[in-house]
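Student: Quick one, run.txt (compact mmCIF, C-alpha atoms and all ligand atoms):
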# COMPACT_ATOMS: atom_id res chain seq x y z
CA MET A 15 0.00 0.00 0.00
CA THR A 16 1.44 3.36 -1.01
CA VAL A 17 2.15 6.04 1.55
CA LYS A 18 2.98 9.55 0.35
CA ILE A 19 4.49 12.20 2.61
CA ALA A 20 3.69 15.75 1.55
CA PRO A 21 5.60 18.54 3.34
CA SER A 22 3.52 21.72 3.61
CA ILE A 23 5.79 24.66 2.82
CA LEU A 24 3.60 26.96 4.93
CA SER A 25 5.84 25.99 7.85
CA ALA A 26 9.11 26.29 5.93
CA ASP A 27 11.38 29.26 6.62
CA ILE A 28 10.05 31.73 4.07
CA MET A 29 13.40 33.57 3.91
CA ASN A 30 15.10 30.27 3.12
CA LEU A 31 12.37 28.60 1.11
CA GLU A 32 14.66 27.20 -1.59
CA ARG A 33 16.98 25.70 1.05
CA ASP A 34 14.06 24.06 2.87
CA VAL A 35 12.46 22.73 -0.31
CA ARG A 36 15.74 21.22 -1.50
CA ALA A 37 16.29 19.66 1.92
CA ALA A 38 12.79 18.14 1.98
CA ASP A 39 13.25 16.90 -1.59
CA ARG A 40 16.53 15.15 -0.65
CA ALA A 41 14.93 13.80 2.52
CA GLY A 42 12.38 11.88 0.43
CA ALA A 43 9.29 14.10 0.17
CA ASP A 44 6.90 12.45 -2.28
CA VAL A 45 4.83 15.53 -3.04
CA PHE A 46 5.01 19.21 -2.05
CA HIS A 47 1.88 20.78 -0.57
CA ILE A 48 1.40 24.49 -1.33
CA ASP A 49 -1.31 26.38 0.56
CA MET A 50 -2.92 29.29 -1.28
CA MET A 51 -4.96 31.50 1.08
CA ASP A 52 -6.78 34.69 0.10
CA GLY A 53 -7.62 36.27 3.47
CA ASN A 54 -11.36 35.83 2.77
CA PHE A 55 -12.15 32.13 2.62
CA VAL A 56 -9.75 31.71 5.52
CA PRO A 57 -8.44 34.34 7.95
CA ASN A 58 -4.87 34.22 6.65
CA MET A 59 -2.94 34.89 3.45
CA SER A 60 -0.24 32.80 1.80
CA PHE A 61 1.28 31.73 -1.49
CA SER A 62 0.41 32.84 -5.01
CA PRO A 63 0.97 31.26 -8.47
CA SER A 64 4.43 32.87 -8.62
CA VAL A 65 5.50 30.70 -5.67
CA VAL A 66 4.29 27.63 -7.58
CA GLU A 67 6.40 28.74 -10.52
CA GLY A 68 9.44 29.18 -8.24
CA MET A 69 8.88 25.76 -6.65
CA ARG A 70 8.70 24.19 -10.12
CA ARG A 71 12.20 25.49 -10.81
CA VAL A 72 13.74 23.82 -7.77
CA THR A 73 12.01 20.43 -7.59
CA ASP A 74 10.74 17.73 -9.95
CA LYS A 75 8.41 16.32 -7.30
CA PRO A 76 4.65 16.73 -7.86
CA LEU A 77 3.18 20.02 -6.61
CA ASP A 78 -0.23 19.86 -4.93
CA ILE A 79 -2.03 23.18 -4.62
CA HIS A 80 -4.46 23.50 -1.70
CA MET A 81 -6.69 26.42 -2.68
CA MET A 82 -8.24 28.18 0.28
CA MET A 83 -9.90 31.01 -1.57
CA GLU A 84 -13.15 32.40 -2.78
CA ASN A 85 -13.64 32.19 -6.54
CA PRO A 86 -11.04 29.43 -7.01
CA ASP A 87 -11.90 29.11 -10.73
CA ALA A 88 -10.00 32.35 -11.44
CA TYR A 89 -6.72 30.80 -10.26
CA ILE A 90 -6.95 27.32 -11.74
CA LYS A 91 -5.26 28.13 -15.06
CA PRO A 92 -2.59 30.38 -13.49
CA VAL A 93 -1.47 27.66 -11.06
CA ILE A 94 -1.48 24.94 -13.70
CA ASP A 95 0.50 27.16 -16.09
CA ALA A 96 2.91 27.76 -13.20
CA GLY A 97 3.53 24.00 -12.85
CA ALA A 98 0.89 22.54 -10.53
CA ASP A 99 0.26 18.81 -10.85
CA THR A 100 -2.84 18.58 -8.66
CA VAL A 101 -5.33 21.32 -7.80
CA LEU A 102 -7.38 20.81 -4.64
CA ILE A 103 -10.53 22.89 -4.29
CA HIS A 104 -12.68 23.32 -1.19
CA ALA A 105 -16.27 22.14 -1.65
CA GLU A 106 -17.33 25.11 0.53
CA SER A 107 -15.58 27.72 -1.63
CA THR A 108 -17.73 27.53 -4.75
CA GLN A 109 -21.39 26.97 -5.59
CA HIS A 110 -20.36 24.85 -8.56
CA ILE A 111 -17.69 22.45 -7.37
CA TYR A 112 -18.40 19.98 -10.20
CA ARG A 113 -17.65 22.74 -12.72
CA SER A 114 -14.41 23.70 -10.93
CA ILE A 115 -13.21 20.08 -10.94
CA ASP A 116 -14.06 19.83 -14.65
CA LEU A 117 -12.11 23.01 -15.28
CA VAL A 118 -8.99 21.62 -13.57
CA LYS A 119 -9.20 18.47 -15.67
CA SER A 120 -9.76 20.43 -18.87
CA TYR A 121 -6.26 21.90 -18.39
CA GLY A 122 -4.77 18.42 -18.01
CA ALA A 123 -4.05 18.51 -14.26
CA ARG A 124 -5.14 16.13 -11.53
CA ALA A 125 -8.15 17.34 -9.55
CA GLY A 126 -9.15 16.99 -5.94
CA VAL A 127 -11.87 18.19 -3.62
CA VAL A 128 -11.29 19.35 -0.03
CA VAL A 129 -13.77 19.00 2.83
CA ASN A 130 -13.61 21.10 5.99
CA PRO A 131 -14.10 19.33 9.33
CA GLY A 132 -17.78 20.39 9.42
CA THR A 133 -18.58 19.38 5.84
CA PRO A 134 -20.29 15.99 5.44
CA LEU A 135 -18.85 13.52 2.94
CA GLU A 136 -22.28 13.26 1.32
CA THR A 137 -21.72 16.77 -0.10
CA VAL A 138 -18.95 15.47 -2.38
CA LYS A 139 -20.14 11.93 -3.17
CA GLU A 140 -21.24 12.82 -6.71
CA LEU A 141 -17.66 13.86 -7.46
CA PHE A 142 -16.13 10.47 -6.65
CA PRO A 143 -16.08 9.23 -10.27
CA ILE A 144 -14.27 12.34 -11.58
CA ILE A 145 -11.70 13.19 -8.91
CA ASP A 146 -8.17 11.93 -8.28
CA GLN A 147 -7.94 12.95 -4.61
CA ILE A 148 -10.07 13.88 -1.61
CA LEU A 149 -8.43 15.99 1.04
CA VAL A 150 -10.00 15.60 4.47
CA MET A 151 -9.14 18.61 6.63
CA THR A 152 -8.18 17.42 10.09
CA VAL A 153 -8.04 21.02 11.42
CA ASN A 154 -10.00 24.12 10.48
CA PRO A 155 -8.13 25.59 7.51
CA GLY A 156 -5.99 28.71 7.66
CA PHE A 157 -3.01 28.06 9.90
CA GLY A 158 -0.21 25.60 10.48
CA GLY A 159 0.56 24.17 13.90
CA GLN A 160 -3.02 23.42 15.01
CA LYS A 161 -4.19 20.40 16.96
CA PHE A 162 -5.53 17.39 15.05
CA ILE A 163 -9.32 17.03 15.46
CA SER A 164 -9.61 13.43 16.63
CA GLY A 165 -13.20 12.97 15.40
CA MET A 166 -11.85 13.15 11.84
CA THR A 167 -10.43 9.64 12.06
CA LYS A 168 -13.94 8.19 11.80
CA LYS A 169 -14.64 10.42 8.81
CA ILE A 170 -11.57 9.07 7.00
CA GLN A 171 -12.70 5.55 7.82
CA ARG A 172 -16.18 6.20 6.38
CA LEU A 173 -14.62 7.68 3.26
CA ASP A 174 -12.42 4.63 2.82
CA GLN A 175 -15.49 2.39 3.17
CA LEU A 176 -17.36 4.42 0.56
CA ARG A 177 -14.34 4.13 -1.74
CA GLN A 178 -14.23 0.37 -1.33
CA THR A 179 -17.92 -0.08 -2.10
CA ALA A 180 -17.63 1.96 -5.31
CA ALA A 181 -14.95 -0.05 -7.07
CA ASP A 182 -14.82 2.30 -10.07
CA ASP A 183 -14.04 5.31 -7.94
CA ASN A 184 -10.29 5.49 -7.78
CA PHE A 185 -9.19 8.40 -5.66
CA GLU A 186 -6.49 8.88 -3.06
CA ILE A 187 -7.40 10.00 0.45
CA GLU A 188 -5.27 12.84 1.81
CA VAL A 189 -5.19 14.32 5.31
CA ASP A 190 -4.03 17.81 6.27
CA GLY A 191 -3.64 19.41 9.69
CA GLY A 192 -1.92 18.34 12.88
CA ILE A 193 -0.24 15.32 11.30
CA ASN A 194 2.74 14.14 13.36
CA ALA A 195 4.18 10.99 14.93
CA ASP A 196 1.25 10.82 17.38
CA THR A 197 -1.57 11.19 14.83
CA ILE A 198 -0.36 9.64 11.58
CA SER A 199 -0.95 5.98 12.53
CA GLN A 200 -4.67 6.41 13.21
CA CYS A 201 -5.11 8.22 9.88
CA ALA A 202 -3.22 5.53 7.98
CA ARG A 203 -5.20 2.76 9.67
CA ALA A 204 -8.42 4.57 8.77
CA GLY A 205 -7.42 4.55 5.09
CA ALA A 206 -5.47 7.74 4.31
CA ASP A 207 -2.80 7.55 1.60
CA ILE A 208 -1.27 11.04 1.45
CA PHE A 209 -0.11 12.77 4.63
CA VAL A 210 0.48 16.51 4.67
CA ALA A 211 2.78 17.69 7.44
CA GLY A 212 4.00 21.23 8.01
CA SER A 213 5.08 22.21 11.50
CA TYR A 214 6.06 18.66 12.46
CA LEU A 215 8.55 18.44 9.59
CA PHE A 216 9.90 21.99 9.40
CA ASN A 217 9.80 23.13 13.02
CA GLY A 218 10.99 19.96 14.69
CA GLU A 219 14.30 19.41 16.40
CA ASN A 220 15.55 16.31 14.60
CA GLY A 221 16.54 16.60 10.96
CA LEU A 222 13.98 16.47 8.18
CA ASN A 223 15.34 13.11 7.02
CA LYS A 224 14.63 11.45 10.32
CA ARG A 225 11.20 13.05 10.67
CA ILE A 226 10.05 12.03 7.19
CA GLU A 227 11.43 8.54 7.74
CA ASP A 228 9.72 8.26 11.15
CA ILE A 229 6.24 9.26 10.02
CA ARG A 230 6.52 7.24 6.83
CA SER A 231 7.37 4.05 8.70
CA LEU A 232 4.57 4.65 11.21
CA ALA A 233 2.08 5.04 8.34
CA VAL A 234 3.37 2.00 6.45
CA GLU A 235 3.23 -0.12 9.61
CA ALA A 236 -0.32 1.05 10.42
CA LYS A 237 -1.50 0.09 6.95
CA GLN A 238 -0.23 -3.50 7.19
O1 LIG B 301 -3.83 23.70 4.93
C1 LIG B 301 -3.15 23.92 5.89
C2 LIG B 301 -3.64 24.79 6.99
O2 LIG B 301 -4.89 25.26 6.66
C3 LIG B 301 -1.82 23.33 5.94
O3 LIG B 301 -1.46 22.49 4.90
C4 LIG B 301 -0.91 23.44 7.08
O4 LIG B 301 0.34 23.89 6.65
C5 LIG B 301 -0.75 22.17 7.88
O5 LIG B 301 0.16 22.45 8.89
P1 LIG B 301 0.44 21.51 10.15
O6 LIG B 301 0.98 20.22 9.61
O7 LIG B 301 1.41 22.29 10.96
O8 LIG B 301 -0.89 21.32 10.84
CO CO B 302 -3.04 22.58 3.27
Spell out the structure here as structure tokens.
Ligand SMILES: O=C(CO)[C@H](O)[C@H](O)COP(=O)(O)O
Ligand SMILES: [Co+2]
Tutor:
Amino acid sequence: MTVKIAPSILSADIMNLERDVRAADRAGADVFHIDMMDGNFVPNMSFSPSVVEGMRRVTDKPLDIHMMMENPDAYIKPVIDAGADTVLIHAESTQHIYRSIDLVKSYGARAGVVVNPGTPLETVKELFPIIDQILVMTVNPGFGGQKFISGMTKKIQRLDQLRQTAADDNFEIEVDGGINADTISQCARAGADIFVAGSYLFNGENGLNKRIEDIRSLAVEAKQ
């Protein structure tokens, strides 16, 4: 069973972003997670398409864009042109999520939907046949370093069950928020495949190599 570790650059040292990205790349990051926040959908602001373009110049690893913004459709083409591999759109951010997912795919990128902790899975069920990823938020979006919401483990489990009953629906389950050595095993056991980690990887005391290795082996072990 595949486990992918996705460092979230929100917790990298912004004044040394290239250094941190190269270090995470060498340490075995499978995917880079780039948070785009507009200060409206969430009470914080972060990266723009130009950061995606800069990231594309320093790593060959896939770039996942987590869009936390109102009117996400306006930024789909700019981020894909900048080098995004997967575009993840919040179900709560648009009245027409099906159209947004279609738009991502029309530009040849992978598409994913994101659900906030309070958003039921039923809201996104109709998207299962057309998406590549579902990102289950395990904190309220907007900030790194928050505490994992433990009730989300059951949600991941239900999503995994739904995925298994619909054999044609082939999407990866991703988790984002409060992922660390204490929380990753329960998410992996529940069925998650991609693990976003920001503060645990970039603000920890041991080196990135050891931290990526540690959480990866915990996830792999929990999936066996
Ligand atoms: O989307 C996010 C917050 O809204 C993030 O990806 C965030 O960077 C996760 O950070 P941490 O691992 O420290 O919880
Ligand atoms: Co994120």
Student: Taking the point (-14.9, 15.2, 7.0) as given in the file, collect each protein or nucleic acid residue that comes within 12 Å of it, counting all atoms listed in the file, and present the set as a VMD selection string.
Tutor: chain A and resid 104 to 105 127 to 139 148 to 154 163 to 174 187 to 190
Student: Export C-alpha atoms of the chosen residues as a PDB file, in the coordinates of the input?
Tutor:
ATOM      1  CA  HIS A 104     -12.680  23.320  -1.190  1.00  0.00           C
ATOM      2  CA  ALA A 105     -16.270  22.140  -1.650  1.00  0.00           C
ATOM      3  CA  VAL A 127     -11.870  18.190  -3.620  1.00  0.00           C
ATOM      4  CA  VAL A 128     -11.290  19.350  -0.030  1.00  0.00           C
ATOM      5  CA  VAL A 129     -13.770  19.000   2.830  1.00  0.00           C
ATOM      6  CA  ASN A 130     -13.610  21.100   5.990  1.00  0.00           C
ATOM      7  CA  PRO A 131     -14.100  19.330   9.330  1.00  0.00           C
ATOM      8  CA  GLY A 132     -17.780  20.390   9.420  1.00  0.00           C
ATOM      9  CA  THR A 133     -18.580  19.380   5.840  1.00  0.00           C
ATOM     10  CA  PRO A 134     -20.290  15.990   5.440  1.00  0.00           C
ATOM     11  CA  LEU A 135     -18.850  13.520   2.940  1.00  0.00           C
ATOM     12  CA  GLU A 136     -22.280  13.260   1.320  1.00  0.00           C
ATOM     13  CA  THR A 137     -21.720  16.770  -0.100  1.00  0.00           C
ATOM     14  CA  VAL A 138     -18.950  15.470  -2.380  1.00  0.00           C
ATOM     15  CA  LYS A 139     -20.140  11.930  -3.170  1.00  0.00           C
ATOM     16  CA  ILE A 148     -10.070  13.880  -1.610  1.00  0.00           C
ATOM     17  CA  LEU A 149      -8.430  15.990   1.040  1.00  0.00           C
ATOM     18  CA  VAL A 150     -10.000  15.600   4.470  1.00  0.00           C
ATOM     19  CA  MET A 151      -9.140  18.610   6.630  1.00  0.00           C
ATOM     20  CA  THR A 152      -8.180  17.420  10.090  1.00  0.00           C
ATOM     21  CA  VAL A 153      -8.040  21.020  11.420  1.00  0.00           C
ATOM     22  CA  ASN A 154     -10.000  24.120  10.480  1.00  0.00           C
ATOM     23  CA  ILE A 163      -9.320  17.030  15.460  1.00  0.00           C
ATOM     24  CA  SER A 164      -9.610  13.430  16.630  1.00  0.00           C
ATOM     25  CA  GLY A 165     -13.200  12.970  15.400  1.00  0.00           C
ATOM     26  CA  MET A 166     -11.850  13.150  11.840  1.00  0.00           C
ATOM     27  CA  THR A 167     -10.430   9.640  12.060  1.00  0.00           C
ATOM     28  CA  LYS A 168     -13.940   8.190  11.800  1.00  0.00           C
ATOM     29  CA  LYS A 169     -14.640  10.420   8.810  1.00  0.00           C
ATOM     30  CA  ILE A 170     -11.570   9.070   7.000  1.00  0.00           C
ATOM     31  CA  GLN A 171     -12.700   5.550   7.820  1.00  0.00           C
ATOM     32  CA  ARG A 172     -16.180   6.200   6.380  1.00  0.00           C
ATOM     33  CA  LEU A 173     -14.620   7.680   3.260  1.00  0.00           C
ATOM     34  CA  ASP A 174     -12.420   4.630   2.820  1.00  0.00           C
ATOM     35  CA  ILE A 187      -7.400  10.000   0.450  1.00  0.00           C
ATOM     36  CA  GLU A 188      -5.270  12.840   1.810  1.00  0.00           C
ATOM     37  CA  VAL A 189      -5.190  14.320   5.310  1.00  0.00           C
ATOM     38  CA  ASP A 190      -4.030  17.810   6.270  1.00  0.00           C
TER      39      ASP A 190
END
Student: Can you work out which one of A:Lys161, A:Ala38, A:Gly205, A:Gly192 has the shortest atom-to-atom distance to Leu176 of chain A, counting all atoms listed in the file?
Tutor: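 The closest residue to Leu176 of chain A is A:Gly205.
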Student: Show me which residues sit within 8 Å of ligand LIG 301 (chain B) when counting only C-alpha atoms and all ligand atoms, and put them as a VMD selection string.
Tutor: chain A and resid 21 to 25 47 to 49 80 82 151 153 to 162 190 to 194 210 to 215
Student: A:Thr16, A:Asn217, A:Asn54, A:Ser60: which is nearest ligand CO 302 (chain B), counting all atoms listed in the file?
Tutor: A:Ser60
Student: Residues at most 12 Å from Asp228 of chain A, counting only C-alpha atoms, excluding those fewer than 5 positions away in the same chain, as a ChimeraX atom specification?
Tutor: /A:19,41-42,194-196,198-199,214-215,220-223,233-235
Student: Measuring between all atoms listed in the file, which one of A:Pro63, A:Arg33, A:Arg203, A:Met83 shows the shortest distance to ligand CO 302 (chain B)?
Tutor: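 That would be A:Met83, the residue with the smallest distance to ligand CO 302 (chain B).
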Student: Got a sec: who's within 12 Å of Ala88 of chain A, counting only C-alpha atoms, leaving out chain neighbours fewer than 2 positions off, as a CSV table (one decimal) with C-alpha atoms, keeping the file's coordinate frame?
Tutor:
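part36.csv written:
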chain,number,residue,atom,x,y,z
A,63,PRO,CA,1.0,31.3,-8.5
A,81,MET,CA,-6.7,26.4,-2.7
A,83,MET,CA,-9.9,31.0,-1.6
A,84,GLU,CA,-13.2,32.4,-2.8
A,85,ASN,CA,-13.6,32.2,-6.5
A,86,PRO,CA,-11.0,29.4,-7.0
A,90,ILE,CA,-7.0,27.3,-11.7
A,91,LYS,CA,-5.3,28.1,-15.1
A,92,PRO,CA,-2.6,30.4,-13.5
A,93,VAL,CA,-1.5,27.7,-11.1
A,94,ILE,CA,-1.5,24.9,-13.7
A,103,ILE,CA,-10.5,22.9,-4.3
A,108,THR,CA,-17.7,27.5,-4.8
A,114,SER,CA,-14.4,23.7,-10.9
A,117,LEU,CA,-12.1,23.0,-15.3
A,118,VAL,CA,-9.0,21.6,-13.6
Student: Using all atoms listed in the file, which residue out of A:Ala236, A:Met50, A:Val65, A:Met59 lies closest to ligand CO 302 (chain B)?
Tutor: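 Distance minimum relative to ligand CO 302 (chain B) lands on A:Met50.
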Student: Give me the residues within 7 Å of Gly126 of chain A as a list in words, counting all atoms listed in the file and dropping any in the same chain fewer than 6 places off.
Tutor: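 The residues that qualify are Val101, Leu102, Ile103, Ile145, Asp146, Gln147 and Ile148 of chain A.
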Student: Counting only C-alpha atoms and all ligand atoms, figure out which residue out of A:Asp39, A:Asp78, A:Glu32, A:Asp27 gets nearest to ligand CO 302 (chain B).
Tutor: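 When distances to ligand CO 302 (chain B) are compared using only C-alpha atoms and all ligand atoms, the smallest one comes from A:Asp78.
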Student: Which one is closest to ligand CO 302 (chain B): A:Pro76, A:Tyr112, A:Phe46, A:Arg71? Count only C-alpha atoms and all ligand atoms.
Tutor: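 That would be A:Phe46, the residue with the smallest distance to ligand CO 302 (chain B).
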Student: When you draw a straight line from atom CA of Lys224 of chain A to atom CA of Met69 of chain A, how long is it in Å?
Tutor: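 Computing the Euclidean distance for atom CA of Lys224 of chain A and atom CA of Met69 of chain A yields 22.9 Å.
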Student: Could you tell me how far atom CA of Val35 of chain A lies from atom CA of Leu77 of chain A, in Å and to one decimal?
Tutor: 11.5 Å
Student: Please list as a PDB file with C-alpha atoms, in the coordinates of the input every residue within 8 Å of Asp182 of chain A, counting only C-alpha atoms and excluding residues in the same chain fewer than 2 positions away.
Tutor:
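Result file is selection-v1.pdb:
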ATOM      1  CA  PRO A 143     -16.080   9.230 -10.270  1.00  0.00           C
ATOM      2  CA  ALA A 180     -17.630   1.960  -5.310  1.00  0.00           C
ATOM      3  CA  ASN A 184     -10.290   5.490  -7.780  1.00  0.00           C
TER       4      ASN A 184
END
Student: Quick one: distance from atom CA of Phe216 of chain A to atom CA of Asp34 of chain A in Å, one decimal?
Tutor: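 Separating atom CA of Phe216 of chain A from atom CA of Asp34 of chain A is a distance of 8.0 Å.
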Student: Starting from the block above, write segment 129-140 of chain A out to a file with N, CA and C atoms, as a compact mmCIF listing (two decimals), in the first residue's frame, please.
Tutor:
# COMPACT_ATOMS: atom_id res chain seq x y z
N VAL A 129 -12.63 18.82 1.93
CA VAL A 129 -13.77 19.00 2.83
C VAL A 129 -13.29 19.47 4.20
N ASN A 130 -13.89 20.57 4.65
CA ASN A 130 -13.61 21.10 5.99
C ASN A 130 -14.11 20.12 7.04
N PRO A 131 -13.64 20.26 8.28
CA PRO A 131 -14.10 19.33 9.33
C PRO A 131 -15.63 19.26 9.47
N GLY A 132 -16.32 20.38 9.24
CA GLY A 132 -17.78 20.39 9.42
C GLY A 132 -18.57 20.01 8.18
N THR A 133 -17.88 19.70 7.10
CA THR A 133 -18.58 19.38 5.84
C THR A 133 -18.79 17.88 5.71
N PRO A 134 -20.05 17.44 5.56
CA PRO A 134 -20.29 15.99 5.44
C PRO A 134 -19.76 15.43 4.11
N LEU A 135 -19.36 14.18 4.14
CA LEU A 135 -18.85 13.52 2.94
C LEU A 135 -19.92 13.43 1.85
N GLU A 136 -21.17 13.37 2.27
CA GLU A 136 -22.28 13.26 1.32
C GLU A 136 -22.27 14.42 0.31
N THR A 137 -21.78 15.57 0.75
CA THR A 137 -21.72 16.77 -0.10
C THR A 137 -20.88 16.52 -1.36
N VAL A 138 -19.89 15.63 -1.26
CA VAL A 138 -18.95 15.47 -2.38
C VAL A 138 -19.06 14.10 -3.06
N LYS A 139 -20.02 13.30 -2.64
CA LYS A 139 -20.14 11.93 -3.17
C LYS A 139 -20.28 11.87 -4.69
N GLU A 140 -21.02 12.83 -5.25
CA GLU A 140 -21.24 12.82 -6.71
C GLU A 140 -19.95 13.07 -7.49
